[in-house]
$ cat input_23.tsv   # TSV, C-alpha atoms and all ligand atoms
chain	number	residue	atom	x	y	z
A	13	MET	CA	0.00	0.00	0.00
A	14	GLU	CA	1.26	3.45	-0.87
A	15	ARG	CA	2.49	5.39	2.14
A	16	ARG	CA	1.13	8.74	3.21
A	17	CYS	CA	2.85	11.40	5.29
A	18	GLY	CA	0.17	11.24	8.00
A	19	ASP	CA	1.22	13.24	11.05
A	20	CYS	CA	4.65	14.05	9.62
A	21	SER	CA	5.51	17.39	8.04
A	22	LEU	CA	9.17	17.45	9.00
A	23	CYS	CA	10.51	18.15	5.50
A	24	CYS	CA	8.46	21.37	5.45
A	25	THR	CA	10.60	22.55	8.37
A	26	VAL	CA	13.97	20.95	7.74
A	27	LEU	CA	14.45	21.45	4.01
A	28	ARG	CA	15.25	24.59	2.10
A	29	VAL	CA	12.60	25.68	-0.40
A	30	ASP	CA	14.25	28.05	-2.84
A	31	ALA	CA	11.16	29.24	-4.64
A	32	LEU	CA	9.54	30.16	-1.31
A	33	ASN	CA	12.74	31.84	-0.15
A	34	LYS	CA	12.54	29.49	2.80
A	35	LEU	CA	15.71	28.55	4.65
A	36	GLY	CA	16.29	25.03	5.91
A	37	GLY	CA	15.41	24.61	9.58
A	38	VAL	CA	12.53	27.07	9.74
A	39	ASN	CA	8.84	26.39	9.33
A	40	CYS	CA	7.27	27.01	5.96
A	41	LEU	CA	4.77	29.87	6.02
A	42	HIS	CA	2.18	27.43	4.72
A	43	GLN	CA	2.60	24.79	7.42
A	44	ASP	CA	-0.80	24.34	8.98
A	45	VAL	CA	-0.70	25.75	12.50
A	46	ARG	CA	-3.65	23.54	13.51
A	47	GLY	CA	-1.58	20.39	13.04
A	48	PRO	CA	0.67	18.60	10.61
A	49	GLY	CA	0.08	19.30	6.96
A	50	CYS	CA	0.02	22.08	4.41
A	51	ALA	CA	-2.52	24.90	4.54
A	52	ILE	CA	-2.40	25.17	0.75
A	53	HIS	CA	-2.43	21.42	0.12
A	54	ALA	CA	-4.71	21.60	-2.93
A	55	THR	CA	-2.63	24.25	-4.61
A	56	ARG	CA	0.80	23.46	-3.18
A	57	PRO	CA	3.62	23.84	-5.64
A	58	GLN	CA	4.69	21.08	-7.96
A	59	ILE	CA	8.04	20.62	-6.23
A	60	CYS	CA	6.24	19.93	-2.94
A	61	ARG	CA	3.95	17.44	-4.67
A	62	ALA	CA	6.93	15.72	-6.23
A	63	TYR	CA	9.13	15.48	-3.12
A	64	ARG	CA	9.29	12.07	-1.53
A	65	CYS	CA	11.70	11.42	1.31
A	66	LEU	CA	13.33	8.01	1.65
A	67	TRP	CA	10.64	6.83	4.07
A	68	LEU	CA	7.76	7.92	1.86
A	69	GLY	CA	9.39	6.15	-1.08
A	70	GLY	CA	9.45	2.90	0.92
A	71	GLY	CA	13.20	2.89	1.62
A	72	LEU	CA	12.78	2.71	5.40
A	73	GLU	CA	10.72	0.66	7.83
A	74	GLU	CA	7.24	1.81	8.78
A	75	ALA	CA	8.41	2.86	12.25
A	76	GLU	CA	11.22	4.96	10.79
A	77	ARG	CA	9.06	7.88	9.66
A	78	PRO	CA	11.06	11.15	9.80
A	79	ASP	CA	9.09	12.81	12.59
A	80	LEU	CA	9.66	9.72	14.73
A	81	LEU	CA	13.38	9.72	13.91
A	82	GLY	CA	13.96	13.46	14.25
A	83	ALA	CA	15.60	13.68	10.83
A	84	VAL	CA	14.77	13.76	7.13
A	85	LEU	CA	16.56	11.12	5.06
A	86	ASP	CA	17.18	11.01	1.31
A	87	VAL	CA	19.38	9.07	-1.05
A	88	VAL	CA	21.09	11.83	-3.01
A	89	SER	CA	22.90	11.47	-6.30
A	90	ASP	CA	25.74	13.93	-6.70
A	91	GLY	CA	27.13	13.39	-10.18
A	92	ALA	CA	28.91	10.06	-10.11
A	93	THR	CA	28.37	9.40	-6.40
A	94	VAL	CA	25.34	8.42	-4.36
A	95	ARG	CA	25.04	9.03	-0.64
A	96	LEU	CA	22.53	8.78	2.18
A	97	GLU	CA	21.77	12.25	3.49
A	98	ILE	CA	20.57	12.48	7.09
A	99	ARG	CA	19.41	15.97	8.03
A	100	GLU	CA	18.81	16.27	11.73
A	101	ALA	CA	15.84	18.37	12.78
A	102	VAL	CA	17.74	19.36	15.91
A	103	PRO	CA	21.47	19.02	16.50
A	104	GLY	CA	22.32	15.72	18.16
A	105	SER	CA	19.30	13.76	16.85
A	106	PHE	CA	21.59	11.17	15.29
A	107	ASP	CA	23.60	10.53	18.44
A	108	ASP	CA	20.41	10.41	20.52
A	109	SER	CA	18.61	7.90	18.32
A	110	GLU	CA	19.48	4.20	18.20
A	111	ARG	CA	17.19	3.88	15.19
A	112	LEU	CA	19.02	6.56	13.21
A	113	GLN	CA	22.36	5.01	14.11
A	114	ALA	CA	21.11	1.59	12.97
A	115	ILE	CA	20.02	3.10	9.63
A	116	GLY	CA	23.44	4.73	9.28
A	117	GLU	CA	25.16	1.39	9.91
A	118	ARG	CA	22.87	-0.29	7.36
A	119	TYR	CA	23.64	2.20	4.62
A	120	ARG	CA	27.32	2.99	5.21
A	121	VAL	CA	28.24	-0.44	3.88
A	122	SER	CA	27.09	0.52	0.40
A	123	MET	CA	27.35	4.34	0.29
A	124	PRO	CA	28.68	7.28	2.34
A	125	VAL	CA	26.27	8.53	4.98
A	126	ARG	CA	26.38	12.30	5.46
A	127	ILE	CA	24.94	13.69	8.69
A	128	SER	CA	24.19	17.38	8.99
A	129	ASP	CA	21.90	19.50	11.10
A	130	VAL	CA	19.95	22.67	10.57
A	131	GLY	CA	20.69	24.06	14.02
A	132	ASP	CA	22.27	27.24	12.71
A	133	VAL	CA	20.36	28.01	9.55
A	134	LEU	CA	22.31	31.18	8.90
A	135	ASP	CA	25.65	29.41	8.66
A	136	PRO	CA	26.17	27.96	5.18
A	137	ASP	CA	29.41	26.41	6.42
A	138	ARG	CA	28.02	24.16	9.15
A	139	PRO	CA	30.17	21.20	10.22
A	140	TYR	CA	29.06	17.76	9.08
A	141	ARG	CA	30.09	14.12	9.40
A	142	VAL	CA	30.43	11.34	6.86
A	143	LEU	CA	30.25	7.67	7.85
A	144	LEU	CA	32.18	5.30	5.59
A	145	PRO	CA	32.57	1.51	5.43
A	146	GLY	CA	34.91	-0.19	7.88
A	147	GLY	CA	34.07	2.12	10.78
A	148	GLU	CA	35.78	5.19	9.30
A	149	GLU	CA	34.24	8.59	9.96
A	150	HIS	CA	35.17	12.00	8.59
A	151	ARG	CA	34.34	15.05	10.70
A	152	VAL	CA	34.44	18.09	8.45
A	153	ARG	CA	34.77	21.52	9.98
A	154	GLY	CA	35.67	24.34	7.63
A	155	GLU	CA	38.89	23.60	5.79
A	156	TRP	CA	39.76	20.75	8.09
A	157	THR	CA	38.76	17.10	8.20
A	158	GLU	CA	39.37	14.77	11.10
A	159	VAL	CA	39.56	11.11	10.17
A	160	VAL	CA	38.24	8.99	13.03
A	161	HIS	CA	38.57	5.23	13.57
A	162	SER	CA	36.95	3.50	16.53
A	163	GLY	CA	36.44	6.84	18.27
A	164	ARG	CA	40.12	7.86	17.83
A	165	ILE	CA	41.33	10.67	15.58
A	166	THR	CA	43.90	9.10	13.29
A	167	GLN	CA	44.50	11.98	10.90
A	168	ARG	CA	43.87	15.69	10.42
A	169	ARG	CA	43.76	16.96	6.87
A	170	ARG	CA	43.47	20.45	5.44
A	171	LEU	CA	42.07	21.15	1.99
A	172	SER	CA	44.64	21.93	-0.69
A	173	TRP	CA	45.02	25.60	-1.65
A	174	ILE	CA	42.96	25.08	-4.80
A	175	GLU	CA	40.18	23.37	-2.83
A	176	ARG	CA	40.27	26.21	-0.28
A	177	ALA	CA	39.93	28.77	-3.07
A	178	ALA	CA	37.00	26.86	-4.61
A	179	ARG	CA	35.37	26.56	-1.19
A	180	ARG	CA	35.61	30.32	-0.60
A	181	VAL	CA	33.83	30.96	-3.88
A	182	ILE	CA	31.08	28.42	-3.05
A	183	LEU	CA	30.57	29.96	0.40
A	184	ALA	CA	30.36	33.48	-1.04
A	185	VAL	CA	27.68	32.32	-3.48
A	186	ARG	CA	25.73	30.56	-0.69
A	187	ARG	CA	25.92	33.59	1.60
A	188	SER	CA	24.71	35.87	-1.16
A	189	ARG	CA	21.82	33.51	-1.94
A	190	GLN	CA	21.00	33.27	1.76
A	191	ARG	CA	20.88	37.06	2.10
A	192	GLY	CA	18.42	37.12	-0.79
A	193	MET	CA	16.29	34.43	0.86
A	194	ARG	CA	16.24	36.21	4.21
A	195	GLY	CA	15.26	39.44	2.52
A	196	GLY	CA	12.52	37.73	0.57
A	197	ARG	CA	10.92	35.57	3.25
A	198	GLY	CA	7.20	35.47	3.00
A	199	ARG	CA	6.88	35.51	-0.76
A	200	SER	CA	5.24	32.55	-2.36
A	201	SER	CA	5.93	30.18	-5.24
A	202	PRO	CA	7.57	27.04	-3.91
A	203	GLY	CA	10.13	24.37	-4.70
A	204	LYS	CA	11.88	21.95	-2.37
A	205	ALA	CA	15.63	21.72	-2.56
A	206	GLU	CA	18.45	20.19	-0.61
A	207	ASN	CA	19.41	21.94	2.52
B	1	LIG	S1	9.52	14.09	5.68
B	1	LIG	FE1	8.72	12.47	4.32
B	1	LIG	S2	7.00	11.58	5.45
B	1	LIG	FE2	7.46	13.54	6.41
B	1	LIG	S3	6.11	15.03	5.39
B	1	LIG	FE3	8.06	15.03	4.26
B	1	LIG	S4	7.79	13.56	2.59
B	1	LIG	FE4	6.16	13.17	4.11
B	2	LIG	S1	4.06	24.77	0.61
B	2	LIG	FE1	5.37	22.96	0.48
B	2	LIG	S2	6.93	23.24	2.08
B	2	LIG	FE2	5.23	24.65	2.51
B	2	LIG	S3	3.90	23.54	3.95
B	2	LIG	FE3	3.12	23.19	1.87
B	2	LIG	S4	4.09	21.26	1.22
B	2	LIG	FE4	5.24	22.05	2.98
$ encode --input "input_23.tsv" --output "structure tokens" --more "lines below"
Ligand code: SF4
Ligand code: SF4
Amino acid sequence: MERRCGDCSLCCTVLRVDALNKLGGVNCLHQDVRGPGCAIHATRPQICRAYRCLWLGGGLEEAERPDLLGAVLDVVSDGATVRLEIREAVPGSFDDSERLQAIGERYRVSMPVRISDVGDVLDPDRPYRVLLPGGEEHRVRGEWTEVVHSGRITQRRRLSWIERAARRVILAVRRSRQRGMRGGRGRSSPGKAEN
């Protein structure tokens, strides 16, 4: 049977919606204040109709619905690579949830698992973690990556100068886009996008 979102509307808070000028981690203006759901359901934008998180698409167990996990999960294709994206609704959701950790273990065998949060929505350079096969974890903070094995930091790496230059350009573009979104909050015409 096809799944329905039911009481969940977590993606409407966690994800960025460019066409609404909505930042990730803040409620959509159209979230129904009387309960879960969309106040403009019948006329909601096409991108909202089209969006299906991993759970809604049947990729997770019934009991692993995003609002019960505290995170929105998607399998994301990024050019040649595919990864599981876990976006925490509040910082620390992953570490607090045995279910989320079990999902991470399940997926890291076949693809990287990237864990990020939307705790500071105004920082386009938030730290994130990537779980890899064999127990390896990368903790990325700015230009630096800590490589962790079995809870121990085994290596610290800094981006090369060319990667640092490219990163500065990307951050400048994101900050500029974010300023535009903050200035334009409240306008309508939607579209869900990655956070
Ligand atoms: S996070 Fe998934 S289940 Fe929840 S409202 Fe969005 S699409 Fe539906
Ligand atoms: S417009 Fe889209 S993001 Fe906003 S509440 Fe409706 S479905 Fe969610």
$ atom_distance --input "input_23.tsv" --atom1 "atom S3 of ligand LIG 1 (chain B)" --atom2 "CA of Arg16 (chain A)"
8.3 Å
$ residues_near_ligand --input "input_23.tsv" --ligand "ligand LIG 2 (chain B)" --cutoff "7 Å" --atoms "only C-alpha atoms and all ligand atoms" --output "ChimeraX atom specification"
/A:21,24,29,40-44,49-53,56-57,60,202,204
$ closest_residue --input "input_23.tsv" --among "A:Val125, A:Asp86, A:Arg120, A:Cys17" --to "Arg61 (chain A)" --atoms "all atoms listed in the file"
A:Cys17
$ closest_atom_pairs --input "input_23.tsv" --of "chain A" --to "ligand LIG 1 (chain B)" --cutoff "6 Å" --atoms "all atoms listed in the file" --output "JSON lines"
{"residue": "A:Cys17", "atom": "CA", "partner": "B:LIG1", "partner_atom": "FE4", "distance": 3.9}
{"residue": "A:Cys20", "atom": "CA", "partner": "B:LIG1", "partner_atom": "FE2", "distance": 4.3}
{"residue": "A:Ser21", "atom": "CA", "partner": "B:LIG1", "partner_atom": "S3", "distance": 3.6}
{"residue": "A:Leu22", "atom": "CA", "partner": "B:LIG1", "partner_atom": "S1", "distance": 4.7}
{"residue": "A:Cys23", "atom": "CA", "partner": "B:LIG1", "partner_atom": "FE3", "distance": 4.2}
{"residue": "A:Arg64", "atom": "CA", "partner": "B:LIG1", "partner_atom": "S4", "distance": 4.6}
{"residue": "A:Cys65", "atom": "CA", "partner": "B:LIG1", "partner_atom": "FE1", "distance": 4.4}
{"residue": "A:Trp67", "atom": "CA", "partner": "B:LIG1", "partner_atom": "FE1", "distance": 6.0}
{"residue": "A:Leu68", "atom": "CA", "partner": "B:LIG1", "partner_atom": "S2", "distance": 5.2}
{"residue": "A:Arg77", "atom": "CA", "partner": "B:LIG1", "partner_atom": "S2", "distance": 6.0}
{"residue": "A:Pro78", "atom": "CA", "partner": "B:LIG1", "partner_atom": "S1", "distance": 5.3}
{"residue": "A:Val84", "atom": "CA", "partner": "B:LIG1", "partner_atom": "S1", "distance": 5.5}
$ residues_around --input "input_23.tsv" --residues "Glu148 (chain A)" --least-positions-apart "2" --cutoff "9 Å" --atoms "all atoms listed in the file" --output "ChimeraX atom specification"
/A:142-146,150,159-162
$ closest_residue --input "input_23.tsv" --among "A:Phe106, A:Tyr119, A:Trp156, A:Tyr63" --to "Glu175 (chain A)" --atoms "all atoms listed in the file"
A:Trp156
$ atom_distance --input "input_23.tsv" --atom1 "CA of Ser188 (chain A)" --atom2 "CA of Arg28 (chain A)"
15.1 Å
$ atom_distance --input "input_23.tsv" --atom1 "CA of Ala114 (chain A)" --atom2 "CA of Ile98 (chain A)"
12.4 Å
$ closest_residue --input "input_23.tsv" --among "A:Glu74, A:Asp137, A:Glu149, A:Glu158" --to "Arg179 (chain A)" --atoms "all atoms listed in the file"
A:Asp137
$ residues_around --input "input_23.tsv" --residues "Leu35 (chain A)" --least-positions-apart "3" --cutoff "9 Å" --atoms "all atoms listed in the file" --output "list in words"
Thr25, Val26, Leu27, Arg28, Val29, Asp30, Leu32, Val38, Asn39, Cys40, Val133, Leu134, Gln190, Met193, Arg194, Arg197 and Asn207 of chain A
$ closest_residue --input "input_23.tsv" --among "A:Val121, A:Ile59, A:Ala83, A:Ile127" --to "Gly147 (chain A)" --atoms "only C-alpha atoms"
A:Val121
$ closest_residue --input "input_23.tsv" --among "A:Arg153, A:Arg170, A:Lys34, A:Arg15" --to "Gly192 (chain A)" --atoms "all atoms listed in the file"
A:Lys34
$ closest_residue --input "input_23.tsv" --among "A:Glu73, A:Glu117, A:Glu100, A:Asp108" --to "Tyr140 (chain A)" --atoms "only C-alpha atoms"
A:Glu100
$ build_atoms --input "input_23.tsv" --residues "region 64-88 of chain A" --atoms "N, CA and C atoms" --output "mmCIF file, in the coordinates of the input"
data_model
loop_
_atom_site.group_PDB
_atom_site.id
_atom_site.type_symbol
_atom_site.label_atom_id
_atom_site.label_comp_id
_atom_site.auth_asym_id
_atom_site.auth_seq_id
_atom_site.Cartn_x
_atom_site.Cartn_y
_atom_site.Cartn_z
ATOM 1 N N ARG A 64 9.542 13.281 -2.305
ATOM 2 C CA ARG A 64 9.290 12.070 -1.530
ATOM 3 C C ARG A 64 10.575 11.735 -0.786
ATOM 4 N N CYS A 65 10.517 11.786 0.533
ATOM 5 C CA CYS A 65 11.700 11.420 1.310
ATOM 6 C C CYS A 65 11.900 9.908 1.200
ATOM 7 N N LEU A 66 13.012 9.435 1.749
ATOM 8 C CA LEU A 66 13.330 8.010 1.650
ATOM 9 C C LEU A 66 12.237 7.149 2.281
ATOM 10 N N TRP A 67 11.694 7.606 3.401
ATOM 11 C CA TRP A 67 10.640 6.830 4.070
ATOM 12 C C TRP A 67 9.385 6.756 3.196
ATOM 13 N N LEU A 68 8.989 7.901 2.653
ATOM 14 C CA LEU A 68 7.760 7.920 1.860
ATOM 15 C C LEU A 68 7.913 7.045 0.612
ATOM 16 N N GLY A 69 9.124 6.979 0.088
ATOM 17 C CA GLY A 69 9.390 6.150 -1.080
ATOM 18 C C GLY A 69 9.538 4.674 -0.742
ATOM 19 N N GLY A 70 9.401 4.313 0.528
ATOM 20 C CA GLY A 70 9.450 2.900 0.920
ATOM 21 C C GLY A 70 10.844 2.402 1.264
ATOM 22 N N GLY A 71 11.822 3.307 1.355
ATOM 23 C CA GLY A 71 13.200 2.890 1.620
ATOM 24 C C GLY A 71 13.518 2.663 3.090
ATOM 25 N N LEU A 72 12.565 2.926 3.971
ATOM 26 C CA LEU A 72 12.780 2.710 5.400
ATOM 27 C C LEU A 72 11.597 1.943 5.976
ATOM 28 N N GLU A 73 11.796 1.396 7.171
ATOM 29 C CA GLU A 73 10.720 0.660 7.830
ATOM 30 C C GLU A 73 9.584 1.612 8.215
ATOM 31 N N GLU A 74 8.419 1.029 8.412
ATOM 32 C CA GLU A 74 7.240 1.810 8.780
ATOM 33 C C GLU A 74 7.501 2.696 10.010
ATOM 34 N N ALA A 75 8.175 2.130 10.995
ATOM 35 C CA ALA A 75 8.410 2.860 12.250
ATOM 36 C C ALA A 75 9.534 3.886 12.145
ATOM 37 N N GLU A 76 10.103 4.038 10.948
ATOM 38 C CA GLU A 76 11.220 4.960 10.790
ATOM 39 C C GLU A 76 10.799 6.246 10.066
ATOM 40 N N ARG A 77 9.553 6.641 10.272
ATOM 41 C CA ARG A 77 9.060 7.880 9.660
ATOM 42 C C ARG A 77 9.854 9.069 10.212
ATOM 43 N N PRO A 78 10.172 10.063 9.380
ATOM 44 C CA PRO A 78 11.060 11.150 9.800
ATOM 45 C C PRO A 78 10.699 11.836 11.115
ATOM 46 N N ASP A 79 9.421 12.113 11.345
ATOM 47 C CA ASP A 79 9.090 12.810 12.590
ATOM 48 C C ASP A 79 9.365 11.932 13.813
ATOM 49 N N LEU A 80 9.356 10.611 13.618
ATOM 50 C CA LEU A 80 9.660 9.720 14.730
ATOM 51 C C LEU A 80 11.171 9.579 14.931
ATOM 52 N N LEU A 81 11.914 9.816 13.834
ATOM 53 C CA LEU A 81 13.380 9.720 13.910
ATOM 54 C C LEU A 81 14.020 11.041 14.322
ATOM 55 N N GLY A 82 13.351 12.152 14.000
ATOM 56 C CA GLY A 82 13.960 13.460 14.250
ATOM 57 C C GLY A 82 14.915 13.879 13.150
ATOM 58 N N ALA A 83 14.727 13.328 11.946
ATOM 59 C CA ALA A 83 15.600 13.680 10.830
ATOM 60 C C ALA A 83 14.922 13.310 9.522
ATOM 61 N N VAL A 84 15.270 14.064 8.477
ATOM 62 C CA VAL A 84 14.770 13.760 7.130
ATOM 63 C C VAL A 84 15.889 13.055 6.368
ATOM 64 N N LEU A 85 15.559 11.928 5.751
ATOM 65 C CA LEU A 85 16.560 11.120 5.060
ATOM 66 C C LEU A 85 16.254 11.037 3.572
ATOM 67 N N ASP A 86 17.315 11.139 2.767
ATOM 68 C CA ASP A 86 17.180 11.010 1.310
ATOM 69 C C ASP A 86 18.411 10.311 0.761
ATOM 70 N N VAL A 87 18.236 9.538 -0.282
ATOM 71 C CA VAL A 87 19.380 9.070 -1.050
ATOM 72 C C VAL A 87 19.603 10.093 -2.146
ATOM 73 N N VAL A 88 20.798 10.700 -2.131
ATOM 74 C CA VAL A 88 21.090 11.830 -3.010
ATOM 75 C C VAL A 88 22.159 11.435 -4.018
#
